[in-house]
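start-v2.tsv, holding TSV, C-alpha atoms:
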chain	number	residue	atom	x	y	z
V	1	MET	CA	25.51	128.14	105.93
V	2	ALA	CA	29.21	127.28	106.30
V	3	LYS	CA	29.53	129.93	108.99
V	4	ASN	CA	26.61	128.45	110.87
V	5	ASN	CA	28.20	125.02	110.88
V	6	HIS	CA	31.44	126.57	112.08
V	7	ALA	CA	29.69	127.64	115.25
V	8	MET	CA	28.01	124.28	115.56
V	9	ASN	CA	31.37	122.50	115.35
V	10	PHE	CA	32.59	124.62	118.23
V	11	TRP	CA	29.54	124.20	120.45
V	12	SER	CA	29.21	120.53	119.75
V	13	GLY	CA	32.81	120.05	120.91
V	14	ILE	CA	32.32	122.18	124.03
V	15	LEU	CA	29.18	120.29	125.03
V	16	PHE	CA	30.68	116.89	124.37
V	17	GLY	CA	33.88	117.78	126.24
V	18	LEU	CA	31.90	118.90	129.25
V	19	GLY	CA	29.88	115.69	129.20
V	20	LEU	CA	32.94	113.52	128.61
V	21	ILE	CA	34.86	114.85	131.60
V	22	ALA	CA	31.79	114.53	133.84
V	23	PHE	CA	31.37	110.95	132.67
V	24	PHE	CA	35.07	110.26	133.28
V	25	ASP	CA	34.75	111.75	136.76
V	26	GLU	CA	31.77	109.53	137.55
V	27	THR	CA	33.27	106.30	136.18
V	28	VAL	CA	36.86	106.60	137.30
V	29	PHE	CA	36.75	108.54	140.54
V	30	HIS	CA	33.35	107.49	141.86
V	31	GLN	CA	32.87	103.95	140.58
V	32	LEU	CA	36.31	102.44	139.91
V	33	LEU	CA	38.68	104.10	142.39
V	34	HIS	CA	36.03	104.98	144.99
V	35	TRP	CA	38.01	108.13	145.81
V	36	HIS	CA	35.04	110.46	145.52
V	37	HIS	CA	32.05	110.05	147.78
V	38	PHE	CA	28.45	110.04	146.60
V	39	TYR	CA	27.77	112.62	149.29
V	40	ASP	CA	30.14	113.24	152.20
V	41	LYS	CA	27.65	115.27	154.26
V	42	SER	CA	29.99	118.25	154.74
V	43	THR	CA	28.86	119.71	151.41
V	44	LEU	CA	27.16	123.10	151.48
V	45	ALA	CA	23.57	123.19	150.24
V	46	ILE	CA	24.65	125.24	147.25
V	47	GLY	CA	27.21	122.54	146.41
V	48	LEU	CA	24.44	119.96	146.19
V	49	VAL	CA	22.39	122.23	143.95
V	50	SER	CA	25.37	123.06	141.74
V	51	ASP	CA	26.36	119.38	141.44
V	52	GLY	CA	22.78	118.29	140.72
V	53	PHE	CA	22.55	120.79	137.88
V	54	PHE	CA	25.93	119.96	136.46
V	55	HIS	CA	25.29	116.25	136.36
V	56	ALA	CA	21.88	116.73	134.78
V	57	PHE	CA	23.30	119.11	132.20
V	58	SER	CA	26.36	116.98	131.47
V	59	TRP	CA	24.21	114.00	130.44
V	60	PHE	CA	22.24	116.21	128.14
V	61	ALA	CA	25.40	117.88	126.79
V	62	THR	CA	27.02	114.54	125.93
V	63	VAL	CA	24.02	113.28	123.98
V	64	ILE	CA	23.20	116.50	122.12
V	65	GLY	CA	26.93	117.00	121.38
V	66	LEU	CA	27.06	113.60	119.69
V	67	PHE	CA	23.85	114.18	117.73
V	68	MET	CA	25.37	117.45	116.51
V	69	VAL	CA	28.41	115.51	115.26
V	70	ALA	CA	26.11	113.07	113.48
V	71	TYR	CA	24.35	116.00	111.81
V	72	LEU	CA	27.62	117.72	110.84
V	73	ARG	CA	28.98	114.51	109.36
V	74	LYS	CA	25.81	114.03	107.34
V	75	GLN	CA	26.27	117.60	106.05
V	76	LYS	CA	29.95	116.81	105.37
V	77	SER	CA	30.97	119.84	107.42
V	78	TRP	CA	32.53	118.27	110.48
V	79	HIS	CA	35.96	119.87	111.17
V	80	ARG	CA	37.61	117.26	113.30
V	81	LYS	CA	40.52	119.39	114.54
V	82	ARG	CA	38.34	122.30	115.46
V	83	TRP	CA	35.99	119.90	117.21
V	84	ILE	CA	38.79	118.23	119.23
V	85	GLY	CA	40.08	121.65	120.28
V	86	ALA	CA	36.62	122.56	121.53
V	87	VAL	CA	36.29	119.21	123.35
V	88	LEU	CA	39.52	119.92	125.27
V	89	LEU	CA	38.40	123.45	126.07
V	90	GLY	CA	34.99	122.28	127.32
V	91	ALA	CA	36.54	119.50	129.40
V	92	GLY	CA	39.13	121.85	130.90
V	93	VAL	CA	36.63	124.54	131.84
V	94	PHE	CA	34.37	122.02	133.55
V	95	GLN	CA	37.24	120.35	135.39
V	96	LEU	CA	38.48	123.71	136.61
V	97	TYR	CA	34.97	124.61	137.79
V	98	ASP	CA	34.70	121.23	139.52
V	99	GLY	CA	38.16	121.53	141.06
V	100	ILE	CA	37.97	125.12	142.33
V	101	ILE	CA	34.32	126.05	142.83
V	102	GLN	CA	32.68	122.71	143.59
V	103	HIS	CA	35.40	120.89	145.54
V	104	LYS	CA	36.92	123.85	147.35
V	105	ILE	CA	34.34	126.63	147.74
V	106	PHE	CA	31.15	124.55	147.92
V	107	ARG	CA	32.97	121.72	149.73
V	108	LEU	CA	31.32	119.09	147.59
V	109	HIS	CA	33.26	115.86	148.30
V	110	GLN	CA	37.08	116.00	148.03
V	111	ILE	CA	39.15	114.25	145.36
V	112	ARG	CA	40.41	111.68	147.87
V	113	TYR	CA	40.13	111.19	151.64
V	114	ASN	CA	42.79	110.68	154.33
V	115	VAL	CA	45.62	111.97	152.16
V	116	GLU	CA	47.46	115.27	151.80
V	117	ILE	CA	44.84	116.81	149.54
V	118	LEU	CA	46.96	119.73	148.25
V	119	TYR	CA	48.88	117.61	145.71
V	120	TYR	CA	45.71	116.06	144.37
V	121	ASP	CA	44.12	119.48	143.99
V	122	LEU	CA	47.21	120.79	142.22
V	123	VAL	CA	47.35	117.94	139.70
V	124	TRP	CA	43.60	118.21	139.13
V	125	ASN	CA	43.55	121.95	138.47
V	126	VAL	CA	46.84	122.24	136.62
V	127	GLY	CA	45.57	119.42	134.39
V	128	ALA	CA	42.42	121.42	133.76
V	129	ILE	CA	44.41	124.51	132.82
V	130	LEU	CA	46.56	122.44	130.45
V	131	PHE	CA	43.42	121.14	128.76
V	132	ILE	CA	42.22	124.71	128.28
V	133	ILE	CA	45.55	125.93	126.89
V	134	ILE	CA	45.93	123.02	124.43
V	135	GLY	CA	42.29	123.38	123.38
V	136	LEU	CA	42.68	127.12	122.72
V	137	PHE	CA	45.93	126.50	120.86
V	138	ILE	CA	44.31	124.00	118.49
V	139	LEU	CA	41.30	126.27	117.96
V	140	ARG	CA	43.48	129.29	117.17
V	141	ARG	CA	45.77	127.42	114.85
V	142	LYS	CA	42.76	126.05	113.01
V	143	GLN	CA	41.30	129.51	112.61
V	144	VAL	CA	44.54	130.88	111.17
V	145	GLY	CA	44.69	127.89	108.84
V	146	THR	CA	41.17	128.35	107.49
V	147	SER	CA	41.15	132.11	106.97
Z	1	MET	CA	1.52	81.02	144.26
Z	2	GLY	CA	-1.18	83.55	145.15
Z	3	ASP	CA	1.49	86.13	144.47
Z	4	TRP	CA	1.79	85.23	140.83
Z	5	VAL	CA	-1.96	84.97	140.31
Z	6	SER	CA	-2.48	88.55	141.47
Z	7	ILE	CA	0.45	89.86	139.43
Z	8	LEU	CA	-0.85	88.08	136.34
Z	9	LEU	CA	-4.36	89.38	136.93
Z	10	VAL	CA	-3.24	93.03	137.14
Z	11	PHE	CA	-0.98	92.54	134.16
Z	12	ILE	CA	-3.81	91.18	132.00
Z	13	LEU	CA	-6.19	93.89	133.17
Z	14	ILE	CA	-3.78	96.58	131.95
Z	15	ALA	CA	-2.38	94.87	128.87
Z	16	ALA	CA	-5.64	93.51	127.43
Z	17	PRO	CA	-7.44	96.78	126.55
Z	18	TYR	CA	-4.47	98.01	124.52
Z	19	VAL	CA	-4.01	94.69	122.73
Z	20	MET	CA	-7.74	94.63	121.90
Z	21	ALA	CA	-7.63	98.21	120.62
Z	22	ALA	CA	-4.59	97.32	118.51
Z	23	GLU	CA	-6.57	94.39	117.12
Z	24	ILE	CA	-9.45	96.70	116.14
Z	25	LYS	CA	-7.13	99.19	114.49
Z	26	GLY	CA	-5.00	96.53	112.82
Z	27	GLY	CA	-1.54	96.91	111.31
Z	28	LEU	CA	0.01	98.32	114.48
Z	29	PRO	CA	3.81	97.72	114.70
Z	30	ALA	CA	4.60	94.86	117.10
Z	31	ARG	CA	7.09	97.17	118.81
Z	32	ARG	CA	4.32	99.41	120.12
Z	33	ILE	CA	2.37	96.50	121.57
Z	34	LEU	CA	5.57	95.28	123.20
Z	35	TYR	CA	6.14	98.69	124.83
Z	36	TRP	CA	2.67	98.63	126.31
Z	37	VAL	CA	3.07	95.07	127.57
Z	38	ILE	CA	6.38	95.94	129.27
Z	39	GLY	CA	4.74	98.98	130.86
Z	40	ALA	CA	1.90	96.79	132.11
Z	41	GLY	CA	4.47	94.43	133.62
Z	42	CYS	CA	6.13	97.32	135.47
Z	43	ILE	CA	2.79	98.31	137.00
Z	44	ALA	CA	1.82	94.74	137.91
Z	45	PHE	CA	5.05	94.14	139.81
Z	46	SER	CA	4.89	97.44	141.62
Z	47	ILE	CA	1.33	97.22	142.94
Z	48	THR	CA	0.94	93.52	143.77
Z	49	GLY	CA	3.18	90.67	144.86
Z	50	SER	CA	6.16	90.48	147.19
Z	51	LEU	CA	7.94	93.61	145.94
Z	52	ALA	CA	4.86	95.72	146.68
Z	53	GLN	CA	4.57	94.07	150.11
Z	54	GLU	CA	8.19	94.73	150.98
Z	55	ALA	CA	7.91	98.34	149.86
Z	56	HIS	CA	5.81	99.04	152.97
Z	57	HIS	CA	8.69	98.53	155.36
Z	58	TYR	CA	11.88	98.36	153.26
Z	59	PHE	CA	13.04	101.63	151.76
Z	60	VAL	CA	15.05	100.10	148.91
Z	61	ALA	CA	11.97	98.15	147.75
Z	62	HIS	CA	9.94	101.35	148.09
Z	63	MET	CA	12.38	103.13	145.77
Z	64	THR	CA	12.28	100.27	143.27
Z	65	VAL	CA	8.49	100.54	143.17
Z	66	HIS	CA	8.80	104.27	142.52
Z	67	LEU	CA	11.27	103.77	139.68
Z	68	LEU	CA	8.94	101.25	138.05
Z	69	LEU	CA	5.73	103.13	138.69
Z	70	GLY	CA	6.82	106.73	138.18
Z	71	MET	CA	9.54	106.41	135.52
Z	72	ALA	CA	9.78	103.08	133.67
Z	73	ALA	CA	6.07	102.35	133.17
Z	74	PRO	CA	5.26	105.91	131.98
Z	75	LEU	CA	8.13	105.84	129.48
Z	76	PHE	CA	7.04	102.53	127.96
Z	77	PHE	CA	3.38	103.58	127.90
Z	78	VAL	CA	4.15	106.86	126.12
Z	79	LEU	CA	6.24	105.01	123.51
Z	80	ALA	CA	3.21	102.78	122.84
Z	81	LYS	CA	1.29	105.98	121.83
Z	82	PRO	CA	-2.03	105.11	123.51
Z	83	VAL	CA	-3.66	108.50	122.80
Z	84	THR	CA	-2.95	108.21	119.08
Z	85	LEU	CA	-4.40	104.71	119.09
Z	86	LEU	CA	-7.48	105.77	121.04
Z	87	LEU	CA	-8.22	108.64	118.64
Z	88	ARG	CA	-7.99	106.22	115.70
Z	89	ILE	CA	-10.43	103.64	117.00
Z	90	LEU	CA	-12.99	105.90	118.68
Z	91	PRO	CA	-16.10	106.93	116.73
Z	92	VAL	CA	-15.53	110.31	115.06
Z	93	LYS	CA	-17.97	112.07	117.37
Z	94	THR	CA	-16.29	110.86	120.54
Z	95	ALA	CA	-12.84	111.59	119.17
Z	96	ARG	CA	-13.99	115.11	118.36
Z	97	SER	CA	-15.26	115.78	121.86
Z	98	MET	CA	-11.97	114.44	123.21
Z	99	MET	CA	-10.19	116.99	121.02
Z	100	LYS	CA	-12.46	119.69	122.40
Z	101	LEU	CA	-11.56	118.62	125.90
Z	102	SER	CA	-7.87	118.94	125.08
Z	103	LYS	CA	-8.41	122.56	124.04
Z	104	THR	CA	-9.79	123.65	127.41
Z	105	ARG	CA	-7.82	126.03	129.53
Z	106	TYR	CA	-7.31	123.35	132.18
Z	107	ALA	CA	-5.83	120.92	129.64
Z	108	ARG	CA	-3.50	123.63	128.38
Z	109	PHE	CA	-2.36	124.46	131.89
Z	110	ILE	CA	-1.82	120.88	133.01
Z	111	SER	CA	0.06	119.91	129.86
Z	112	HIS	CA	2.60	122.71	130.11
Z	113	PRO	CA	6.04	121.15	130.71
Z	114	PHE	CA	6.56	123.33	133.74
Z	115	THR	CA	3.30	122.29	135.42
Z	116	ALA	CA	4.02	118.64	134.68
Z	117	THR	CA	7.46	118.95	136.28
Z	118	VAL	CA	6.13	120.61	139.40
Z	119	LEU	CA	3.51	117.86	139.75
Z	120	ASN	CA	6.08	115.14	139.16
Z	121	ILE	CA	9.33	116.16	140.87
Z	122	GLY	CA	7.66	118.68	143.18
Z	123	GLY	CA	5.37	115.86	144.33
Z	124	LEU	CA	8.40	113.77	145.28
Z	125	TRP	CA	9.88	116.64	147.26
Z	126	VAL	CA	6.63	117.04	149.17
Z	127	LEU	CA	6.48	113.28	149.81
Z	128	TYR	CA	9.96	112.97	151.31
Z	129	THR	CA	10.48	116.32	153.01
Z	130	THR	CA	7.12	116.50	154.80
Z	131	ASP	CA	5.14	114.08	156.99
Z	132	LEU	CA	3.40	112.71	153.94
Z	133	TYR	CA	5.78	109.75	153.71
Z	134	ARG	CA	4.97	108.84	157.31
Z	135	ALA	CA	1.23	109.25	156.67
Z	136	MET	CA	1.55	106.94	153.70
Z	137	HIS	CA	2.66	104.18	156.07
Z	138	MET	CA	-0.19	104.85	158.47
Z	139	SER	CA	-3.11	104.81	156.05
Z	140	MET	CA	-3.78	102.63	153.06
Z	141	VAL	CA	-5.89	105.36	151.46
Z	142	VAL	CA	-2.98	107.81	151.53
Z	143	HIS	CA	-0.73	105.02	150.30
Z	144	TYR	CA	-2.88	104.45	147.22
Z	145	ILE	CA	-3.35	108.15	146.50
Z	146	VAL	CA	0.42	108.73	146.62
Z	147	HIS	CA	1.04	105.81	144.27
Z	148	LEU	CA	-1.65	106.94	141.87
Z	149	HIS	CA	-0.18	110.45	141.86
Z	150	ILE	CA	3.34	109.15	141.23
Z	151	PHE	CA	2.19	107.18	138.23
Z	152	LEU	CA	-0.08	109.87	136.76
Z	153	ALA	CA	2.43	112.69	137.26
Z	154	GLY	CA	5.22	110.55	135.82
Z	155	TYR	CA	3.05	109.76	132.84
Z	156	LEU	CA	2.02	113.36	132.23
Z	157	PHE	CA	5.64	114.48	132.52
Z	158	THR	CA	6.92	111.91	130.01
Z	159	HIS	CA	4.01	112.55	127.67
Z	160	VAL	CA	4.50	116.31	127.42
Z	161	LEU	CA	8.31	116.15	127.17
Z	162	LEU	CA	8.50	113.59	124.39
Z	163	SER	CA	6.84	114.11	121.05
Z	164	ALA	CA	6.11	110.39	120.69
Z	165	ASP	CA	2.36	110.51	121.28
Z	166	PHE	CA	-0.38	112.88	120.14
Z	167	ASN	CA	-0.08	116.26	121.87
Z	168	PRO	CA	-1.80	119.32	120.36
Z	169	HIS	CA	0.02	121.74	122.70
Z	170	ARG	CA	3.56	120.51	122.26
Z	171	ALA	CA	5.98	123.06	123.72
Z	172	PRO	CA	9.07	124.24	121.80
Z	173	TRP	CA	12.01	121.85	121.87
Z	174	LEU	CA	14.30	124.17	123.81
Z	175	LEU	CA	11.72	124.70	126.55
Z	176	ARG	CA	11.13	120.96	126.90
Z	177	SER	CA	14.89	120.31	127.03
Z	178	GLY	CA	15.46	123.03	129.62
Z	179	VAL	CA	12.66	121.70	131.80
Z	180	LEU	CA	14.07	118.19	131.49
Z	181	VAL	CA	17.52	119.27	132.70
Z	182	LEU	CA	15.88	121.20	135.54
Z	183	SER	CA	13.85	118.21	136.63
Z	184	ILE	CA	16.80	115.81	136.49
Z	185	ALA	CA	18.75	118.25	138.64
Z	186	ALA	CA	15.91	118.40	141.18
Z	187	HIS	CA	15.77	114.59	141.17
Z	188	ASN	CA	19.56	114.37	141.78
Z	189	ILE	CA	19.46	116.86	144.61
Z	190	LEU	CA	16.56	115.06	146.29
Z	191	ALA	CA	18.42	111.74	146.01
Z	192	LYS	CA	21.45	113.21	147.78
Z	193	TRP	CA	19.25	114.78	150.41
Z	194	LEU	CA	17.59	111.40	151.08
Z	195	TYR	CA	21.03	109.82	151.36
Z	196	ALA	CA	21.73	111.99	154.38
Z	197	ASN	CA	18.19	112.14	155.79
Z	198	PRO	CA	16.70	108.64	156.13
Z	199	PRO	CA	12.92	108.81	155.87
Z	200	TYR	CA	10.50	107.34	158.43
Z	201	MET	CA	11.37	103.77	159.48
Z	202	ALA	CA	14.38	103.56	157.11
Z	203	THR	CA	17.84	102.83	158.54
Z	204	ALA	CA	20.84	104.92	157.47
Z	205	GLU	CA	22.09	102.05	155.34
Z	206	GLN	CA	18.72	101.59	153.60
Z	207	ALA	CA	18.56	105.32	152.90
Z	208	GLU	CA	22.03	105.26	151.34
Z	209	ILE	CA	21.26	102.31	149.08
Z	210	GLY	CA	17.79	103.62	148.20
Z	211	ALA	CA	19.10	107.11	147.41
Z	212	GLN	CA	21.80	105.80	145.09
Z	213	TRP	CA	19.26	103.51	143.46
Z	214	MET	CA	17.07	106.58	142.87
Z	215	TYR	CA	20.05	108.52	141.47
Z	216	TYR	CA	21.52	105.87	139.17
Z	217	GLY	CA	18.40	103.86	138.35
Z	218	GLY	CA	16.57	107.09	137.56
Z	219	GLY	CA	19.62	108.15	135.56
Z	220	VAL	CA	19.09	105.28	133.11
Z	221	ILE	CA	15.51	106.30	132.35
Z	222	GLU	CA	16.55	109.97	132.18
Z	223	LEU	CA	19.25	109.09	129.67
Z	224	ILE	CA	16.69	107.35	127.45
Z	225	ILE	CA	14.41	110.41	127.57
Z	226	ILE	CA	17.36	112.70	126.77
Z	227	THR	CA	18.34	110.52	123.81
Z	228	LEU	CA	14.79	110.52	122.43
Z	229	LEU	CA	14.59	114.32	122.76
Z	230	CYS	CA	17.97	114.82	121.05
Z	231	TYR	CA	17.00	112.41	118.30
Z	232	GLU	CA	13.93	114.58	117.69
Z	233	TRP	CA	16.25	117.60	117.30
Z	234	TYR	CA	18.43	115.64	114.86
Z	235	ARG	CA	15.43	114.61	112.76
Z	236	GLY	CA	14.17	118.20	112.66
Z	237	MET	CA	17.57	119.52	111.53
Z	238	GLN	CA	17.79	116.82	108.87
Z	239	LYS	CA	14.40	117.78	107.49
Z	240	GLU	CA	15.30	121.46	107.46
Z	241	ALA	CA	18.57	120.79	105.61
Z	242	GLN	CA	16.61	118.69	103.11
Z	243	ARG	CA	14.17	121.54	102.53
Z	244	ASN	CA	17.03	124.01	102.00
Z	245	VAL	CA	18.61	121.73	99.42
Z	246	GLU	CA	15.29	121.31	97.63
Z	247	ALA	CA	14.61	125.06	97.69
Z	248	SER	CA	17.98	125.92	96.17
Z	249	ALA	CA	17.74	123.16	93.53

Encoded form using structure tokens:
Amino acid sequence: MAKNNHAMNFWSGILFGLGLIAFFDETVFHQLLHWHHFYDKSTLAIGLVSDGFFHAFSWFATVIGLFMVAYLRKQKSWHRKRWIGAVLLGAGVFQLYDGIIQHKIFRLHQIRYNVEILYYDLVWNVGAILFIIIGLFILRRKQVGTS
Amino acid sequence: MGDWVSILLVFILIAAPYVMAAEIKGGLPARRILYWVIGAGCIAFSITGSLAQEAHHYFVAHMTVHLLLGMAAPLFFVLAKPVTLLLRILPVKTARSMMKLSKTRYARFISHPFTATVLNIGGLWVLYTTDLYRAMHMSMVVHYIVHLHIFLAGYLFTHVLLSADFNPHRAPWLLRSGVLVLSIAAHNILAKWLYANPPYMATAEQAEIGAQWMYYGGGVIELIIITLLCYEWYRGMQKEAQRNVEASA
């Protein structure tokens, strides 16, 4: 049973991280800064499909991720560090997907308009990679610590 | 003035049967009656009064009507558990034949989450990407049929996805969740498509506002449905853990 909850800690973090970064993207870049556009009409059809799926899934991921935490806490088997590592990993992977595949290849809206976009893209994607590295680092250290 | 009379009339017509049934059954939680009454309010405002009038020529009002009729009202109705209530107060014989009806092949087919989604979201795609939307503005008959479909499909969809009300063919949780994500995605994509392709008689600005209303307003109802589904998962896991503890004790 402990092994089972180990996996659930990981997946709960991944799902919540994915949802959290999508929520952050929506609130900060769409609603507060108005950098992103709802739809800038130069998006490829596949970009619309990909974005539609990701937003639908990210809502679901956030909610189920949190219910998993509630369950783990009730079972007294929530490993906070392992969970935070997984959150960072999930957030980083999604941000990298958003930054490279969705923004660049599918041409779904850009990060900001009427600016030199290269720097924004660099910060965005390097940030994503940092998230992934820190997340993996925490996860690995935790595994060494527990075994 | 006449506006409010007609809204009130429709509201009472929909709310009264449930309240009377609740009275016959007795001991029904007030919460469930409240859900039904809110649902009845959603319907009343979307089929009579000034909002319904405006919906004929103003796309944003049209979208508001759809949110109320196809998403909000069905959700509140399902939470009021009308089928459960009906089975309780009907004479045993009638209730039994209703059960028989629910076992038919047609009932099984129609209550599959996938069928319900195609009827619900697929119906919206047909409405906005074909001439149907235009036809709806030309003929009152088409107008009413479309509205009836939007409500019924929305209701069926919510009913089969949530385990709130009585459903003898409830699909596995994972299937229902997958179908929900799929349908939200299809709803999102359609909203963005509408943003760029104003429907008949709608200006570009109206289409943009209406599409975002569809996306974000729909998002609120979708989030409630997601939360209810995930809560069901949580409850199931809790029960299973309980059973394991009891078995090992």

- Query: Excluding same-chain residues fewer than 5 positions from Met71 in chain Z, what lies within 9 Å of it counting only C-alpha atoms, as a list in words?
  - Reply: His66, Phe76, Ile150, Phe151, Gly154, Tyr155, Thr158, Gly218, Ile221 and Glu222 of chain Z

- Task: Using only C-alpha atoms, find the residues of chain V whose closest atom to chain Z is at most 7 Å away, then write them as a PyMOL selection string.
- Result: chain V and resi 39+41+48-49+52-53+56-57+60+63-64+67+71

- Query: Can you find the residues with an atom no farther than 10 Å from (11.8, 107.8, 156.9), counting all atoms listed in the file, and report them as number ranges by chain?
  - Reply: Z: 57, 59, 128-129, 131, 133-134, 137, 194, 197-204, 206-207

Need the axis-aligned box for range 32-50 of chain Z with 8 Å each side, so what are the centre and edges in Å to one decimal, as JSON?
{"center_x": 3.7, "center_y": 94.9, "center_z": 133.7, "size_x": 21.4, "size_y": 24.9, "size_z": 43.1}

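In terms of minimum interatomic distance to Ala171 in chain Z, Z:Ala116 ranks closest within Z:Ala116, Z:Ile47, Z:Ala73, Z:Leu34, counting only C-alpha atoms.
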
- Message: I'd like the interatomic distance between CA of Pro17 in chain Z and CA of Asn167 in chain Z, to a tenth of an Å.
- Response: 21.3 Å

- Length of the CA of Thr64 in chain Z to CA of Ala30 in chain Z vector [Å]: 27.8 Å

- Task: For Tyr35 in chain Z, work out the shell of residues within 10 Å, counting all atoms listed in the file and skipping chain neighbours fewer than 4 positions away, then give it as a list of chain:residue names.
- Result: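 Close residues of Tyr35 in chain Z: Z:Ala30, Z:Arg31, Z:Gly39, Z:Ala40, Z:Gly41, Z:Ala73, Z:Leu75, Z:Phe76, Z:Phe77, Z:Val78, Z:Leu79, Z:Ala80, Z:Lys81.
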
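Here CA of Lys25 in chain Z is placed at a distance of 7.7 Å from CA of Leu85 in chain Z.
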
- Query: Quick one: of V:Trp78, V:Phe137, V:Tyr120, V:Tyr97, who's nearest to Met8 in chain V, counting all atoms listed in the file?
  - Reply: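 When distances to Met8 in chain V are compared using all atoms listed in the file, the smallest one comes from V:Trp78.
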
- Query: Using all atoms listed in the file, which residues sit within 7 Å of Leu18 in chain V once same-chain residues fewer than 6 positions away are excluded, as a VMD selection string?
  - Reply: chain V and resid 58 90 to 91 94
